[in-house]
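Peer 1: Just dropping this structure here.
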Amino acid sequence: MQFHIRGGRLIDPRQGVDDELDVIVQDGRIARIGKGLATPTGALVCDARGKIIAPSFVDLHAHLREPGEEGKETIESGGAAAASGGFTTVCAMPNTQPPNDCRAITMLVKTRAHELGGVHVHPIGAITRGLAGEHLSDFGELKDAGVVALSDDGKCVMNARIMRRALEYGRTFDLPIVQHAEDHNLSHGGSMNEGATSTRAGIPGQPAEAEEVIVARDLILVEMTGARYHVAHASTARTVAMVRDAKARGLPVTCEVTPHHLVLTDEACAHYDTSTKMYPPLRTKNDTEALRAGLADGTIDAIATDHAPHSANAKNIEFDCAAFGVIGLETALPIALSLLPLERAIERLTWGPAHTFKLHAGTMPEGSCADLVVIDPSLEWVVTAEETQSKSKNSPFLGKTMRGRAVLTIAQGVALCDRMKVLP
Amino acid sequence: MKHLLGIEPLDKATIITLLDRADAIHEGQKPSDVLAGRTVVNLFMEASTCTCTSFEIAVKRLRADVVNVSEAFSSSKKGETLLDTSRNIDAMKPAVIVLRHGSSGSPAMIAKHVSAAVVNAGDGTHEHPTQALLDCGTIRRHKKRMDGVTVTIVGDILHSRVARSNIHALGKLGATVRVAGPRSLLPSGVEEMGALVYDRVEPALEGADVIMVLRLQHERMAGGYVPSLRDYSRFFGINAKNVRAAKHDAIVMHPGPINRGVELSSDVADGARSVILDQVAYGVSVRMAVLEKVAAK
């Protein structure tokens with residue numbers, strides 16, 4: 001498939017490009033970028049006037065559920081959701097069934113994604129065997145098999161000695177340790193943020209401090225070990241402040257934030273809507289403001305979706321019994337666009353995350369793999385269960401009107417999402 | 001009023017109308033026949049003697065049929081969801097479903113899916129609206145007013161739906177509400193609900209017209225909220241000595257069941273200040289008033 005994407009505004013923050021440029025895609029590569037290019041014979045023409053062309057997005061944090069929980073999502077359906085949202089690189093969290101703590105599971109995920117041939121899926125390996133927090137997984141073997149980072153996401157590495165060893169051994173293999181920062185003793189039994197809203201609703205709360213005490217401890221261990229450390233789904237003002245301080249001191253620390261933590265607060269939980277229940281819980285207005293400021297000033301490197309599909313059965317129940325998590329791949333872009341200047345929004349979805357895990361993605365110089373997205377920044381659309389590509393529909397934004405959408409997503413030279421009807 | 005899910009959504013006028021009606025019923029006025037021959041299901045997914053019995057008697061005095069479903073005999077033991085249980089019951093066309101459940105928000109959840117009226121008989125640590133109504137009615141009958149009355153709620157505020165409903169109800173009716181307990185049992189941000197917060201009992205009782213004592217669940221020790229019953233009872237229990245800090249005519253209330261000698265000493269529970277049995281008696285009248293109201297066509 002060949003494409004001539006014509007007349008759009010190309011924004012590639014990594015290359016420092018922001019200009020009206022044509023893009024030619026041939027043989028799965030970005031063949032040419034330039035002004036007023038001629039259409040190669042047989043190329044499909046995409047009229048991108050008034051639209052944005054950008055490297056397609058990179059998600060550092062998604063739960064694709066395969067293997068083991070294919071009823072919620074698969075690599076195929078998760079990939080379709082990603083492409084629909086403008087993402088073509090997705091890092092898959094290891095809390096599958098069984099968890100990805102060994103070469104066999106890593107290979108399974110990579111092979112399946114390779115067979116599908118669209119979205120790039122980079123597995124994240126488990127820090128500890130079985131995510132049990134006790135014995136390190138074989139980091140060397142996992143790195144060899146292709147993991148790009150390590151995480152026990154869904155669970156926190158509670159034991160400080162194990163965390164120290166993970167950082168040390170991870171540094172040896174240059175793998176970032178991605179922490180789900182939650183002191184399980186402090187958060188025990190909580191279903192939402194602890195505060196006036198949880199008190200009023202009578203929902204047991206998790207204090208912000210459950211996240212913060214772990215981030216504080218880990219930053220001390222990072223200072224001790226010099227290892228790469230990444231804070232998954234930062235949710236509180238103090239986490240942002242601690243990461244900002246750590247970066248200022250030159251520590252190898254990075255940080256991500258989810259779209260939902262940027263725009264929703266714990267007040268959304270007051271009516272027991274289980275699509276507002278996730279980990280970490282939605283916090284307060286003060287926290288969302290600090291997260292936005294951290295995202296704007298670069299303290300937070302990346303917007304990551306924490307796309308967490310759950311079946312309706314796990315959500316259409318009492319709030320305190322419902323599963324934690326929301327889907328997010330298809331709604332991340334408009335939320336980013338609503339909060340940041342265009343160039344910066346794109347950076348936090350492309351090079352920001354790619355750089356964090358040292359991925360070959362998030363930028364599109366000539367000769368690179370043809371992963372790109374055409375964005376209509378002013379397109380208004382309504383989030384519906386019917387149009388959602390994910391197998392699961394647990395979005396807190398169902399029924400909401402969004403502004404800005406991917407209208408053409410190309411991965412490895414193949415158009416995976418084509419709202420412009422470029423394909424014949 | 002289609003449902004009674006909590007006190008928080010009610011306005012002052014609605015609360016007063018309910019209490020006036022409960023008073024009238026309590027004084028012997030004939031209940032309406034709006035529920036006569038119709039069915040009320042008491043769906044009690046959490047253990048309760050007093051509330052369940054009170055609702056059952058209220059239904060019978062309204063000449064309606066009552067079916068009691070308790071958790072032990074419900075299909076939840078077989079894995080049926082609350083929503084399915086509620087829809088199945090609703091398909092049999094009861095006028096009212098009275099729900100007691102351990103999950104906050106569960107009455108609001110089922111109310112969206114059933115055509116029967118839903119009455120919250122206590123949901124998790126959220127609300128227990130009929131308890132607050134009967135408490136307010138009892139206070140009003142004893143104090144002859146609500147405006148300016150000072151009510152001190154003592155004990156496990158954190159886990160108490162009774163405290164939450166009372167903070168809402170008493171506040172709307174013009175009373176001053178104090179909450180008192182160890183810091184570990186005072187929920188974050190409770191002052192934003194309008195309560196004055198105390199961590200010692202004696203200052204909280206100073207000048208109080210009403211002492212509302214809450215039950216201390218034994219599992220709070222395992223959760224580390226309080227070190228022992230002994231320490232709790234010594235520093236937070238209401239007894240003949242500290243009760244004297246309140247006004248000389250202060251009344252003592254308890255939503256039951258009492259842990260005698262833990263949160264309340266027996267001499268006070270059975271003493272002249274205690275209005276605990278008045279609460280229980282008035283509870284039936286309040287529940288009749290509530291059922292009449294939600295069943296009204």
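By order in the structure tokens, chains are A, B, ...; within a chain, residues start at 1; ligands start at 1, following the order shown.
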For chain A, which residues have at least one atom within 10 Å of chain B, if we go by only C-alpha atoms? Write them as a PDB file with C-alpha atoms, in the first residue's frame, please.
Peer 2:
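Just written: selection-v7.pdb:
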ATOM      1  CA  HIS A 188      -6.584  -1.659  52.216  1.00  0.00           C
ATOM      2  CA  GLU A 194     -10.262   9.078  50.756  1.00  0.00           C
ATOM      3  CA  GLY A 195     -11.688  12.480  51.545  1.00  0.00           C
ATOM      4  CA  ALA A 196     -14.874  14.432  52.065  1.00  0.00           C
ATOM      5  CA  THR A 197     -16.506  12.822  49.022  1.00  0.00           C
ATOM      6  CA  SER A 198     -15.811   9.246  50.121  1.00  0.00           C
ATOM      7  CA  THR A 199     -17.022  10.100  53.609  1.00  0.00           C
ATOM      8  CA  ARG A 200     -20.287  11.482  52.255  1.00  0.00           C
ATOM      9  CA  ALA A 201     -20.803   8.542  49.899  1.00  0.00           C
ATOM     10  CA  GLY A 202     -19.849   6.027  52.564  1.00  0.00           C
ATOM     11  CA  ILE A 203     -17.347   4.388  50.230  1.00  0.00           C
ATOM     12  CA  PRO A 204     -14.174   3.223  51.979  1.00  0.00           C
ATOM     13  CA  GLY A 205     -11.306   5.436  50.846  1.00  0.00           C
ATOM     14  CA  PRO A 207      -5.601   8.004  50.970  1.00  0.00           C
ATOM     15  CA  ALA A 270     -20.354  10.163  44.383  1.00  0.00           C
ATOM     16  CA  HIS A 271     -23.152   8.490  42.418  1.00  0.00           C
ATOM     17  CA  TYR A 272     -21.641   5.006  42.531  1.00  0.00           C
ATOM     18  CA  ASP A 273     -20.942   4.868  38.807  1.00  0.00           C
ATOM     19  CA  ASN A 313     -20.485  -8.375  34.643  1.00  0.00           C
ATOM     20  CA  ASN A 316     -22.691  -3.823  36.717  1.00  0.00           C
ATOM     21  CA  ILE A 317     -22.522  -4.604  40.401  1.00  0.00           C
ATOM     22  CA  GLU A 318     -22.189  -2.846  43.731  1.00  0.00           C
ATOM     23  CA  PHE A 319     -19.485  -0.157  43.691  1.00  0.00           C
ATOM     24  CA  ASP A 320     -17.299  -1.737  46.348  1.00  0.00           C
ATOM     25  CA  CYS A 321     -17.423  -5.128  44.566  1.00  0.00           C
TER      26      CYS A 321
END
Peer 1: List the neighbours of B:Gln131 out to 10 Å using only C-alpha atoms; skip same-chain residues closer than 3 positions along the sequence, and give me the result as a list in words.
Peer 2: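 Contacts, with the query itself left out: Thr51, Ala121, Gly122, Glu127, His128, Leu134, Asp135, Cys136, Gly137, Arg161, Val162, Ala163, Ser165, Asn166, Pro255, Gln279, Val280, Gly283, Val286 and Arg287 of chain B.
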Peer 1: With a distance cut-off of 9 Å and only C-alpha atoms, select the neighbouring residues of A:Gly325, excluding the residue or stretch itself and same-chain residues fewer than 2 positions from it, and output the selection as a PyMOL selection string.
Peer 2: chain A and resi 275-280+306-310+323+327+394-395
Peer 1: Keeping N, CA and C atoms, export the residues of the selection given above as a PDB file, in the first residue's frame.
Peer 2:
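Dumped everything to selection11.pdb:
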ATOM      1  N   SER A 275     -17.947   2.945  36.456  1.00  0.00           N
ATOM      2  CA  SER A 275     -16.970   3.310  35.417  1.00  0.00           C
ATOM      3  C   SER A 275     -16.061   4.445  35.889  1.00  0.00           C
ATOM      4  N   THR A 276     -16.241   4.902  37.104  1.00  0.00           N
ATOM      5  CA  THR A 276     -15.316   5.875  37.693  1.00  0.00           C
ATOM      6  C   THR A 276     -14.413   5.216  38.732  1.00  0.00           C
ATOM      7  N   LYS A 277     -14.473   3.877  38.791  1.00  0.00           N
ATOM      8  CA  LYS A 277     -13.658   3.162  39.776  1.00  0.00           C
ATOM      9  C   LYS A 277     -12.430   2.587  39.097  1.00  0.00           C
ATOM     10  N   MET A 278     -11.269   3.034  39.507  1.00  0.00           N
ATOM     11  CA  MET A 278     -10.037   2.505  38.938  1.00  0.00           C
ATOM     12  C   MET A 278      -8.923   2.685  39.963  1.00  0.00           C
ATOM     13  N   TYR A 279      -7.767   2.071  39.652  1.00  0.00           N
ATOM     14  CA  TYR A 279      -6.599   2.315  40.464  1.00  0.00           C
ATOM     15  C   TYR A 279      -5.595   3.127  39.668  1.00  0.00           C
ATOM     16  N   PRO A 280      -4.920   4.128  40.221  1.00  0.00           N
ATOM     17  CA  PRO A 280      -5.279   4.765  41.491  1.00  0.00           C
ATOM     18  C   PRO A 280      -6.620   5.478  41.364  1.00  0.00           C
ATOM     19  N   ASP A 306      -3.412   3.497  30.683  1.00  0.00           N
ATOM     20  CA  ASP A 306      -3.829   2.466  31.648  1.00  0.00           C
ATOM     21  C   ASP A 306      -5.148   1.835  31.200  1.00  0.00           C
ATOM     22  N   HIS A 307      -5.213   1.595  29.888  1.00  0.00           N
ATOM     23  CA  HIS A 307      -6.379   0.946  29.272  1.00  0.00           C
ATOM     24  C   HIS A 307      -6.623  -0.389  29.978  1.00  0.00           C
ATOM     25  N   ALA A 308      -7.735  -0.486  30.701  1.00  0.00           N
ATOM     26  CA  ALA A 308      -7.991  -1.668  31.540  1.00  0.00           C
ATOM     27  C   ALA A 308      -9.398  -2.198  31.273  1.00  0.00           C
ATOM     28  N   PRO A 309      -9.530  -3.058  30.279  1.00  0.00           N
ATOM     29  CA  PRO A 309     -10.859  -3.556  29.927  1.00  0.00           C
ATOM     30  C   PRO A 309     -11.411  -4.515  30.991  1.00  0.00           C
ATOM     31  N   HIS A 310     -12.697  -4.340  31.288  1.00  0.00           N
ATOM     32  CA  HIS A 310     -13.395  -5.268  32.186  1.00  0.00           C
ATOM     33  C   HIS A 310     -14.767  -5.568  31.619  1.00  0.00           C
ATOM     34  N   ALA A 323     -14.892  -4.241  39.608  1.00  0.00           N
ATOM     35  CA  ALA A 323     -13.476  -4.285  39.241  1.00  0.00           C
ATOM     36  C   ALA A 323     -12.920  -2.871  39.110  1.00  0.00           C
ATOM     37  N   ILE A 327     -11.264   1.688  30.328  1.00  0.00           N
ATOM     38  CA  ILE A 327     -10.575   1.685  29.037  1.00  0.00           C
ATOM     39  C   ILE A 327     -10.177   3.119  28.694  1.00  0.00           C
ATOM     40  N   ASN A 394     -16.075  -0.261  29.387  1.00  0.00           N
ATOM     41  CA  ASN A 394     -16.048   0.406  30.693  1.00  0.00           C
ATOM     42  C   ASN A 394     -15.309   1.744  30.630  1.00  0.00           C
ATOM     43  N   SER A 395     -15.948   2.703  29.961  1.00  0.00           N
ATOM     44  CA  SER A 395     -15.364   4.040  29.861  1.00  0.00           C
ATOM     45  C   SER A 395     -16.174   5.023  30.686  1.00  0.00           C
TER      46      SER A 395
END
Peer 1: Quick one: residues within 10 Å of A:Gly154, only C-alpha atoms, excluding same-chain residues fewer than 4 positions away - as a PyMOL selection string?
Peer 2: chain A and resi 93-95+131+179-182+279-280+324-325
Peer 1: Going by DSSP on the backbone, which bits of stretch 114-265 of chain B are strand (DSSP E)? Write them as a ChimeraX atom specification, please.
Peer 2: /B:117-123,150-154,176-180,196-198,210-213,251-253
